[in-house]
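Text of upload15.tsv, listed as TSV, C-alpha atoms:
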chain	number	residue	atom	x	y	z
A	235	MET	CA	-17.17	-32.06	-5.55
A	236	PRO	CA	-13.89	-30.17	-6.17
A	237	ASP	CA	-11.72	-29.37	-3.21
A	238	VAL	CA	-12.17	-25.88	-1.83
A	239	PRO	CA	-8.79	-24.15	-1.22
A	240	TRP	CA	-7.89	-23.67	2.42
A	241	TRP	CA	-7.22	-19.96	1.94
A	242	LEU	CA	-10.76	-19.49	0.59
A	243	ILE	CA	-12.26	-21.33	3.58
A	244	ARG	CA	-10.24	-19.17	5.95
A	245	ARG	CA	-11.32	-16.01	4.14
A	246	LEU	CA	-14.99	-16.96	4.38
A	247	ALA	CA	-14.60	-17.80	8.07
A	248	PHE	CA	-12.87	-14.46	8.62
A	249	ALA	CA	-15.73	-12.66	6.85
A	250	VAL	CA	-18.32	-14.25	9.13
A	251	LEU	CA	-16.25	-13.48	12.23
A	252	LEU	CA	-15.72	-9.89	11.12
A	253	VAL	CA	-19.44	-9.29	10.62
A	254	VAL	CA	-20.29	-10.78	14.04
A	255	ILE	CA	-17.60	-8.81	15.90
A	256	VAL	CA	-18.31	-5.47	14.22
A	257	SER	CA	-22.11	-5.66	14.53
A	258	SER	CA	-21.93	-6.90	18.13
A	259	SER	CA	-19.49	-4.15	19.09
A	260	ALA	CA	-21.71	-1.54	17.45
A	261	LEU	CA	-24.78	-2.70	19.36
A	262	VAL	CA	-22.97	-2.88	22.71
A	263	LEU	CA	-21.30	0.53	22.32
A	264	ALA	CA	-24.54	2.16	21.18
A	265	ARG	CA	-26.30	0.61	24.17
A	266	LEU	CA	-23.64	1.85	26.61
A	267	ALA	CA	-23.55	5.38	25.17
A	268	PRO	CA	-25.36	8.10	27.16
A	269	GLY	CA	-29.00	8.55	26.23
A	270	ASP	CA	-31.28	6.31	24.19
A	271	VAL	CA	-34.03	6.48	21.61
A	272	THR	CA	-36.44	7.99	24.16
A	273	SER	CA	-34.16	10.98	24.89
A	274	GLU	CA	-35.95	13.14	22.32
A	275	PHE	CA	-39.17	12.87	24.35
A	276	TYR	CA	-37.71	14.47	27.49
A	277	GLY	CA	-38.32	18.00	26.29
A	278	SER	CA	-41.77	17.29	24.89
A	279	GLY	CA	-43.56	17.13	28.23
A	280	ALA	CA	-43.96	13.35	28.20
A	281	SER	CA	-44.70	11.81	31.58
A	282	THR	CA	-42.35	9.48	33.39
A	283	SER	CA	-44.73	6.57	32.85
A	284	ALA	CA	-44.86	7.28	29.11
A	285	LEU	CA	-41.07	7.31	28.92
A	286	ALA	CA	-40.86	4.07	30.89
A	287	ARG	CA	-43.40	2.51	28.55
A	288	GLU	CA	-41.37	3.55	25.51
A	289	ARG	CA	-38.20	2.10	27.05
A	290	ALA	CA	-39.97	-1.15	27.79
A	291	LEU	CA	-41.27	-1.40	24.21
A	292	ALA	CA	-37.73	-0.83	22.95
A	293	GLY	CA	-36.31	-3.40	25.37
A	294	LEU	CA	-34.03	-0.80	26.95
A	295	ASP	CA	-35.13	-1.68	30.48
A	296	ARG	CA	-33.55	-5.12	30.23
A	297	PRO	CA	-29.95	-6.02	31.17
A	298	LEU	CA	-27.43	-5.53	28.39
A	299	LEU	CA	-26.34	-9.18	28.26
A	300	ALA	CA	-29.92	-10.43	28.01
A	301	GLN	CA	-30.72	-7.95	25.26
A	302	TYR	CA	-27.54	-8.77	23.35
A	303	GLY	CA	-28.05	-12.52	23.64
A	304	GLU	CA	-31.59	-12.29	22.30
A	305	TRP	CA	-30.46	-10.07	19.43
A	306	LEU	CA	-27.56	-12.39	18.55
A	307	LEU	CA	-29.80	-15.46	18.41
A	308	ALA	CA	-32.24	-13.60	16.17
A	309	ALA	CA	-29.39	-12.31	13.97
A	310	LEU	CA	-28.21	-15.88	13.37
A	311	ARG	CA	-31.64	-16.41	11.80
A	312	PHE	CA	-31.05	-13.27	9.68
A	313	ASP	CA	-33.44	-11.24	11.81
A	314	LEU	CA	-31.73	-7.97	12.76
A	315	GLY	CA	-34.65	-6.69	14.79
A	316	THR	CA	-36.94	-3.70	14.34
A	317	SER	CA	-35.73	-0.13	14.01
A	318	LEU	CA	-36.74	1.95	17.01
A	319	LEU	CA	-36.68	5.08	14.86
A	320	TYR	CA	-38.52	3.99	11.72
A	321	ARG	CA	-40.63	1.19	13.27
A	322	ARG	CA	-39.64	-1.07	10.37
A	323	PRO	CA	-37.48	-4.22	10.13
A	324	VAL	CA	-33.79	-3.34	10.14
A	325	GLY	CA	-33.02	-5.83	7.37
A	326	GLU	CA	-35.52	-4.16	5.06
A	327	LEU	CA	-34.10	-0.69	5.72
A	328	VAL	CA	-30.50	-1.86	5.26
A	329	ARG	CA	-31.32	-3.56	1.93
A	330	GLU	CA	-32.97	-0.41	0.58
A	331	ARG	CA	-30.12	1.87	1.59
A	332	ALA	CA	-27.46	-0.67	0.56
A	333	PHE	CA	-28.78	-0.55	-3.00
A	334	ASN	CA	-28.50	3.24	-3.04
A	335	THR	CA	-24.98	3.10	-1.65
A	336	ALA	CA	-24.01	0.38	-4.14
A	337	LEU	CA	-25.25	2.55	-7.01
A	338	LEU	CA	-23.19	5.50	-5.74
A	339	ALA	CA	-20.11	3.39	-5.00
A	340	VAL	CA	-20.08	1.52	-8.32
A	341	THR	CA	-20.42	4.79	-10.24
A	342	ALA	CA	-17.64	6.43	-8.22
A	343	LEU	CA	-15.41	3.36	-8.62
A	344	ALA	CA	-15.94	3.33	-12.38
A	345	ILE	CA	-15.02	7.02	-12.62
A	346	ALA	CA	-11.94	6.56	-10.41
A	347	THR	CA	-10.73	3.47	-12.27
A	348	LEU	CA	-11.26	4.81	-15.80
A	349	ALA	CA	-9.41	8.01	-14.89
A	350	GLY	CA	-6.90	6.92	-12.24
A	351	ILE	CA	-5.24	3.93	-13.93
A	352	PRO	CA	-4.59	5.60	-17.33
A	353	LEU	CA	-3.26	8.70	-15.57
A	354	GLY	CA	-1.02	6.47	-13.45
A	355	VAL	CA	0.31	4.72	-16.54
A	356	MET	CA	1.05	8.09	-18.18
A	357	ALA	CA	2.76	9.47	-15.07
A	358	GLY	CA	4.74	6.30	-14.37
A	359	SER	CA	5.99	5.84	-17.93
A	360	ARG	CA	7.45	9.35	-18.14
A	361	SER	CA	10.66	10.25	-16.35
A	362	ARG	CA	10.02	14.00	-16.57
A	363	GLY	CA	7.79	16.60	-18.17
A	364	PHE	CA	4.99	19.03	-17.34
A	365	LEU	CA	2.30	16.39	-17.86
A	366	ARG	CA	3.81	14.06	-15.27
A	367	ALA	CA	4.33	16.92	-12.81
A	368	GLY	CA	0.78	18.18	-13.31
A	369	ILE	CA	-0.76	14.73	-12.76
A	370	ARG	CA	1.31	14.15	-9.65
A	371	LEU	CA	0.53	17.58	-8.18
A	372	THR	CA	-3.21	17.13	-8.77
A	373	SER	CA	-3.21	13.67	-7.17
A	374	VAL	CA	-1.31	14.84	-4.10
A	375	LEU	CA	-3.69	17.77	-3.74
A	376	LEU	CA	-6.77	15.53	-3.98
A	377	LEU	CA	-5.31	13.10	-1.44
A	378	SER	CA	-4.58	15.96	0.94
A	379	LEU	CA	-8.08	17.43	0.86
A	380	PRO	CA	-10.52	15.93	3.40
A	381	SER	CA	-13.65	14.33	1.95
A	382	LEU	CA	-15.75	16.88	3.80
A	383	LEU	CA	-14.04	19.80	2.08
A	384	THR	CA	-14.18	18.15	-1.35
A	385	SER	CA	-17.89	17.44	-0.99
A	386	LEU	CA	-18.65	20.96	0.22
A	387	LEU	CA	-16.68	22.51	-2.65
A	388	LEU	CA	-18.58	20.49	-5.24
A	389	VAL	CA	-21.91	21.32	-3.60
A	390	VAL	CA	-21.03	25.03	-3.61
A	391	VAL	CA	-20.01	24.89	-7.28
A	392	ALA	CA	-23.23	23.07	-8.18
A	393	ALA	CA	-25.30	25.61	-6.24
A	394	ARG	CA	-23.56	28.64	-7.75
A	395	THR	CA	-23.69	27.38	-11.34
A	396	GLN	CA	-27.11	25.74	-10.96
A	397	LEU	CA	-26.02	23.15	-13.50
A	398	LEU	CA	-26.40	20.17	-11.18
A	399	PRO	CA	-28.68	19.31	-8.25
A	400	ILE	CA	-27.00	19.76	-4.88
A	401	GLY	CA	-28.66	17.00	-2.87
A	402	GLY	CA	-30.98	14.04	-2.74
A	403	MET	CA	-31.51	11.17	-5.14
A	404	SER	CA	-34.46	12.51	-7.15
A	405	SER	CA	-36.31	15.71	-7.85
A	406	PRO	CA	-38.94	16.79	-5.28
A	407	THR	CA	-41.46	17.63	-8.02
A	408	PRO	CA	-43.04	14.85	-10.13
A	409	LEU	CA	-41.41	14.24	-13.47
A	410	ASP	CA	-43.29	14.86	-16.70
A	411	GLY	CA	-44.62	11.61	-18.11
A	412	HIS	CA	-43.47	9.49	-15.16
A	413	THR	CA	-41.58	7.22	-17.56
A	414	TRP	CA	-38.80	4.96	-16.32
A	415	ILE	CA	-36.35	6.66	-18.70
A	416	ALA	CA	-37.15	10.02	-17.13
A	417	SER	CA	-36.75	8.55	-13.65
A	418	LEU	CA	-33.35	7.01	-14.50
A	419	SER	CA	-32.20	10.27	-16.05
A	420	ASP	CA	-33.23	12.15	-12.93
A	421	VAL	CA	-31.33	9.76	-10.66
A	422	ALA	CA	-28.27	9.93	-12.92
A	423	TRP	CA	-28.39	13.75	-12.81
A	424	HIS	CA	-28.49	13.71	-9.01
A	425	LEU	CA	-25.70	11.13	-8.94
A	426	VAL	CA	-23.05	13.37	-10.50
A	427	VAL	CA	-22.05	15.47	-7.47
A	428	PRO	CA	-21.83	12.69	-4.83
A	429	ALA	CA	-20.19	10.25	-7.26
A	430	VAL	CA	-17.49	12.73	-8.28
A	431	ALA	CA	-16.91	13.74	-4.65
A	432	LEU	CA	-16.45	10.08	-3.74
A	433	ALA	CA	-14.35	9.27	-6.82
A	434	LEU	CA	-11.75	12.05	-6.65
A	435	PRO	CA	-9.65	10.78	-3.69
A	436	VAL	CA	-9.92	7.18	-4.94
A	437	MET	CA	-8.80	8.29	-8.40
A	438	ALA	CA	-5.78	10.04	-6.87
A	439	LEU	CA	-4.90	6.94	-4.81
A	440	LEU	CA	-5.13	4.67	-7.86
A	441	GLU	CA	-3.04	7.08	-9.93
A	442	ARG	CA	-0.26	7.32	-7.36
A	443	THR	CA	-0.18	3.55	-6.80
A	444	GLN	CA	-0.21	2.79	-10.53
A	445	ALA	CA	2.46	5.39	-11.29
A	446	ARG	CA	4.88	3.99	-8.71
A	447	ALA	CA	4.25	0.40	-9.83
A	448	MET	CA	4.67	1.28	-13.51
A	449	ALA	CA	7.93	3.13	-12.88
A	450	GLU	CA	9.33	0.12	-11.01
A	451	VAL	CA	8.21	-2.42	-13.62
A	452	LEU	CA	9.71	-0.44	-16.50
A	453	ARG	CA	13.12	-0.93	-14.86
A	454	GLN	CA	12.73	-4.72	-14.68
A	455	PRO	CA	14.99	-6.94	-16.86
A	456	PHE	CA	12.14	-8.43	-18.91
A	457	VAL	CA	11.05	-4.95	-19.99
A	458	LEU	CA	14.60	-3.91	-20.86
A	459	ALA	CA	14.97	-7.12	-22.87
A	460	ALA	CA	11.79	-6.32	-24.82
A	461	VAL	CA	13.15	-2.83	-25.56
A	462	ALA	CA	16.44	-4.36	-26.76
A	463	ARG	CA	14.52	-6.66	-29.13
A	464	GLY	CA	12.91	-3.61	-30.72
A	465	ALA	CA	9.34	-4.26	-29.57
A	466	PRO	CA	6.94	-1.35	-30.15
A	467	PRO	CA	6.72	0.97	-27.12
A	468	ALA	CA	2.92	0.68	-26.91
A	469	ARG	CA	3.15	-3.13	-26.81
A	470	ILE	CA	5.81	-3.02	-24.10
A	471	LEU	CA	3.79	-0.59	-22.04
A	472	TYR	CA	0.32	-2.07	-22.28
A	473	ARG	CA	0.97	-5.78	-22.82
A	474	ASN	CA	4.16	-6.48	-20.89
A	475	ALA	CA	4.54	-3.84	-18.19
A	476	LEU	CA	0.91	-3.09	-17.35
A	477	ARG	CA	0.05	-6.74	-16.69
A	478	VAL	CA	2.62	-6.80	-13.87
A	479	ALA	CA	2.17	-3.21	-12.70
A	480	VAL	CA	-1.57	-3.63	-12.17
A	481	ARG	CA	-1.11	-6.18	-9.36
A	482	PRO	CA	-0.62	-3.57	-6.60
A	483	ILE	CA	-3.86	-1.96	-7.77
A	484	VAL	CA	-5.71	-5.26	-7.47
A	485	ALA	CA	-4.21	-5.80	-4.00
A	486	ILE	CA	-5.83	-2.61	-2.66
A	487	TYR	CA	-8.89	-2.76	-4.90
A	488	GLY	CA	-10.81	-4.96	-2.50
A	489	LEU	CA	-10.34	-2.56	0.38
A	490	ILE	CA	-11.41	0.33	-1.85
A	491	VAL	CA	-14.51	-1.56	-3.00
A	492	GLY	CA	-15.39	-2.52	0.56
A	493	SER	CA	-14.92	0.98	1.95
A	494	LEU	CA	-17.01	2.55	-0.82
A	495	LEU	CA	-19.82	0.01	-0.53
A	496	SER	CA	-19.89	0.24	3.24
A	497	GLY	CA	-21.14	3.79	2.80
A	498	SER	CA	-19.19	6.99	2.51
A	499	PHE	CA	-20.49	8.67	5.64
A	500	ILE	CA	-19.37	12.23	4.92
A	501	VAL	CA	-20.29	12.37	1.24
A	502	GLU	CA	-23.75	10.92	1.80
A	503	VAL	CA	-24.51	13.30	4.67
A	504	VAL	CA	-23.28	16.42	2.85
A	505	THR	CA	-25.09	15.58	-0.41
A	506	ALA	CA	-28.17	14.10	1.32
A	507	TRP	CA	-27.75	10.85	-0.60
A	508	PRO	CA	-30.06	8.23	1.02
A	509	GLY	CA	-27.48	5.47	1.50
A	510	LEU	CA	-25.99	3.43	4.33
A	511	GLY	CA	-23.87	6.34	5.54
A	512	ARG	CA	-26.88	8.61	5.92
A	513	LEU	CA	-28.84	5.78	7.56
A	514	MET	CA	-26.07	5.23	10.11
A	515	TYR	CA	-25.94	8.96	10.83
A	516	ASP	CA	-29.68	9.04	11.57
A	517	ALA	CA	-29.43	5.85	13.64
A	518	LEU	CA	-26.58	7.23	15.76
A	519	ARG	CA	-28.40	10.51	16.36
A	520	ALA	CA	-31.54	8.65	17.48
A	521	ARG	CA	-29.59	6.03	19.52
A	522	ASP	CA	-31.32	3.33	17.46
A	523	ILE	CA	-29.15	0.43	18.64
A	524	TYR	CA	-30.62	-2.23	16.34
A	525	LEU	CA	-30.28	-0.03	13.27
A	526	VAL	CA	-26.71	0.90	14.25
A	527	ALA	CA	-25.84	-2.80	14.56
A	528	GLY	CA	-27.52	-3.63	11.25
A	529	GLY	CA	-25.73	-0.85	9.41
A	530	ALA	CA	-22.38	-1.90	10.91
A	531	ALA	CA	-23.05	-5.50	9.85
A	532	ALA	CA	-23.74	-4.40	6.27
A	533	GLY	CA	-20.60	-2.26	6.19
A	534	SER	CA	-18.34	-5.02	7.51
A	535	LEU	CA	-19.90	-7.49	5.08
A	536	PHE	CA	-19.06	-5.21	2.18
A	537	ILE	CA	-15.46	-4.83	3.39
A	538	ALA	CA	-15.04	-8.61	3.75
A	539	ALA	CA	-16.58	-9.18	0.31
A	540	GLY	CA	-14.29	-6.57	-1.22
A	541	THR	CA	-11.20	-8.17	0.32
A	542	LEU	CA	-12.26	-11.60	-0.96
A	543	PHE	CA	-12.85	-10.12	-4.40
A	544	ALA	CA	-9.31	-8.70	-4.42
A	545	ASP	CA	-7.88	-12.09	-3.44
A	546	LEU	CA	-9.75	-13.82	-6.26
A	547	MET	CA	-8.54	-11.20	-8.75
A	548	LEU	CA	-4.95	-11.70	-7.61
A	549	VAL	CA	-5.29	-15.46	-8.10
A	550	MET	CA	-6.67	-14.88	-11.62
A	551	LEU	CA	-3.73	-12.62	-12.47
A	552	ASP	CA	-1.14	-14.85	-10.81
A	553	PRO	CA	-2.15	-18.48	-9.98
A	554	ARG	CA	0.97	-18.76	-7.81
A	555	ALA	CA	-0.83	-16.59	-5.25
A	556	ALA	CA	-3.27	-19.43	-4.64
A	557	LEU	CA	-0.37	-21.83	-4.09
A	558	ASP	CA	1.18	-19.43	-1.59
A	559	ARG	CA	-2.09	-19.25	0.34
A	560	SER	CA	-2.65	-23.01	0.16
A	561	ALA	CA	0.81	-23.55	1.57
A	562	GLN	CA	-0.36	-21.80	4.73
A	563	ALA	CA	-3.09	-24.40	5.30
A	564	PRO	CA	-2.78	-26.70	8.34
A	565	GLY	CA	-0.65	-29.69	7.49
A	566	ALA	CA	0.63	-28.28	4.21
A	567	GLY	CA	4.20	-28.30	5.39
A	568	ARG	CA	3.98	-31.91	6.62
A	569	ALA	CA	2.40	-32.95	3.31
A	570	ALA	CA	5.28	-31.37	1.40
A	571	LEU	CA	7.72	-33.44	3.43
Can you turn what I pasted into structure tokens?
Amino acid sequence: MPDVPWWLIRRLAFAVLLVVIVSSSALVLARLAPGDVTSEFYGSGASTSALARERALAGLDRPLLAQYGEWLLAALRFDLGTSLLYRRPVGELVRERAFNTALLAVTALAIATLAGIPLGVMAGSRSRGFLRAGIRLTSVLLLSLPSLLTSLLLVVVAARTQLLPIGGMSSPTPLDGHTWIASLSDVAWHLVVPAVALALPVMALLERTQARAMAEVLRQPFVLAAVARGAPPARILYRNALRVAVRPIVAIYGLIVGSLLSGSFIVEVVTAWPGLGRLMYDALRARDIYLVAGGAAAGSLFIAAGTLFADLMLVMLDPRAALDRSAQAPGAGRAAL
């Protein structure tokens, strides 16, 4: 069996530790917060015995350490408990909503990448001009706008123009024919507003990062040498410079992927997209501690996976990155001696 690089082992160990710490912290903090899942029954005329019975069924009458220890042992067997709000297994709910969030995040990431990187190359390869100034101004504006405001603006535009649905993942009325093509088209139509709202700030971030990297690379000696040899400008830009300038993008790509997949809380709530962000919002409102912990575990897992993906991409672009990470392994320095 081939040797597994030390940096990869450390990354995997870090991912496991991150998931455990984040999910455990979420459960403990949700448990310590004022109120619990039975709080909504106080104004409904429920008796004290009924409330006590509900707390006992939810395990909220037990000491925190005992409840946490039991949950942790079950989580090690991939059992995240039962949602106190939906009365369903947390793992099942998280998988359903994770798919919806993944669909939204992948679409938004594709839009941001296909628009942000070419715009960054155009802005970074020009020293002046209205096009460069316009791209830069738009990116700065999009980065300055909060996600809440961007989402609300798009929802208002969709509502006023009535060209796009303003919320949800599918139409409330049954589709004609009930064919899978009609269902996919309906989902894609509902995906436009939340995907664009999620993609705009990411697109601006990618554009600004790519523009700065491209401007720096174009001043490097190997690029100037290629210009002196009379190489075509398009070849210099897209074959020589872009291969080096794209590395900063790859370095932050994993964090972007992880943050998008972990559920864009604001966008999903504003557009009523049934993803992890909306699930966490409902869980926090209901004080559903097991669902809060499960959602936090899924989010941290996505972030760790995105970071690992970025590391692997960097190694593919520059194999020396793997050597640098391997040199940090225990005993590497003594072996070199």
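Interatomic distance, CA of Ala367 (chain A) to CA of Val355 (chain A): 13.4 Å.
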In Å to one decimal, how far is CA of Glu441 (chain A) from CA of Pro467 (chain A)?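 CA of Glu441 (chain A) lies at a distance of 20.7 Å from CA of Pro467 (chain A).
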Report, in Å with one decimal, the straight-line distance from CA of Ser359 (chain A) to CA of Leu452 (chain A). 7.4 Å
Name the closest residue to Leu440 (chain A) among the candidates A:Thr505, A:Ala336, A:Leu353, A:Pro466; distances are taken between atoms, counting only C-alpha atoms.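 Between A:Thr505, A:Ala336, A:Leu353, A:Pro466, the residue approaching Leu440 (chain A) most closely is A:Leu353.
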My list of candidates is A:Ala531, A:Leu242, A:Ile500, A:Val478. Which is closest to Tyr515 (chain A) when distances are computed with all atoms listed in the file?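 Checking each of A:Ala531, A:Leu242, A:Ile500, A:Val478 against Tyr515 (chain A), counting all atoms listed in the file, the winner is A:Ile500.
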Choose the residue, out of A:Gly401, A:Gly325, A:Gly533, A:Gly540, that has the smallest atom-to-atom separation from Ala429 (chain A); count all atoms listed in the file.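 Checking each of A:Gly401, A:Gly325, A:Gly533, A:Gly540 against Ala429 (chain A), counting all atoms listed in the file, the winner is A:Gly401.
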Enclosing box along x, y and z for every listed atom of region 248-262 of chain A, padded 8 Å each side, centre and size in Å, one decimal, as JSON:
{"center_x": -18.8, "center_y": -8.0, "center_z": 14.8, "size_x": 27.9, "size_y": 28.9, "size_z": 31.9}
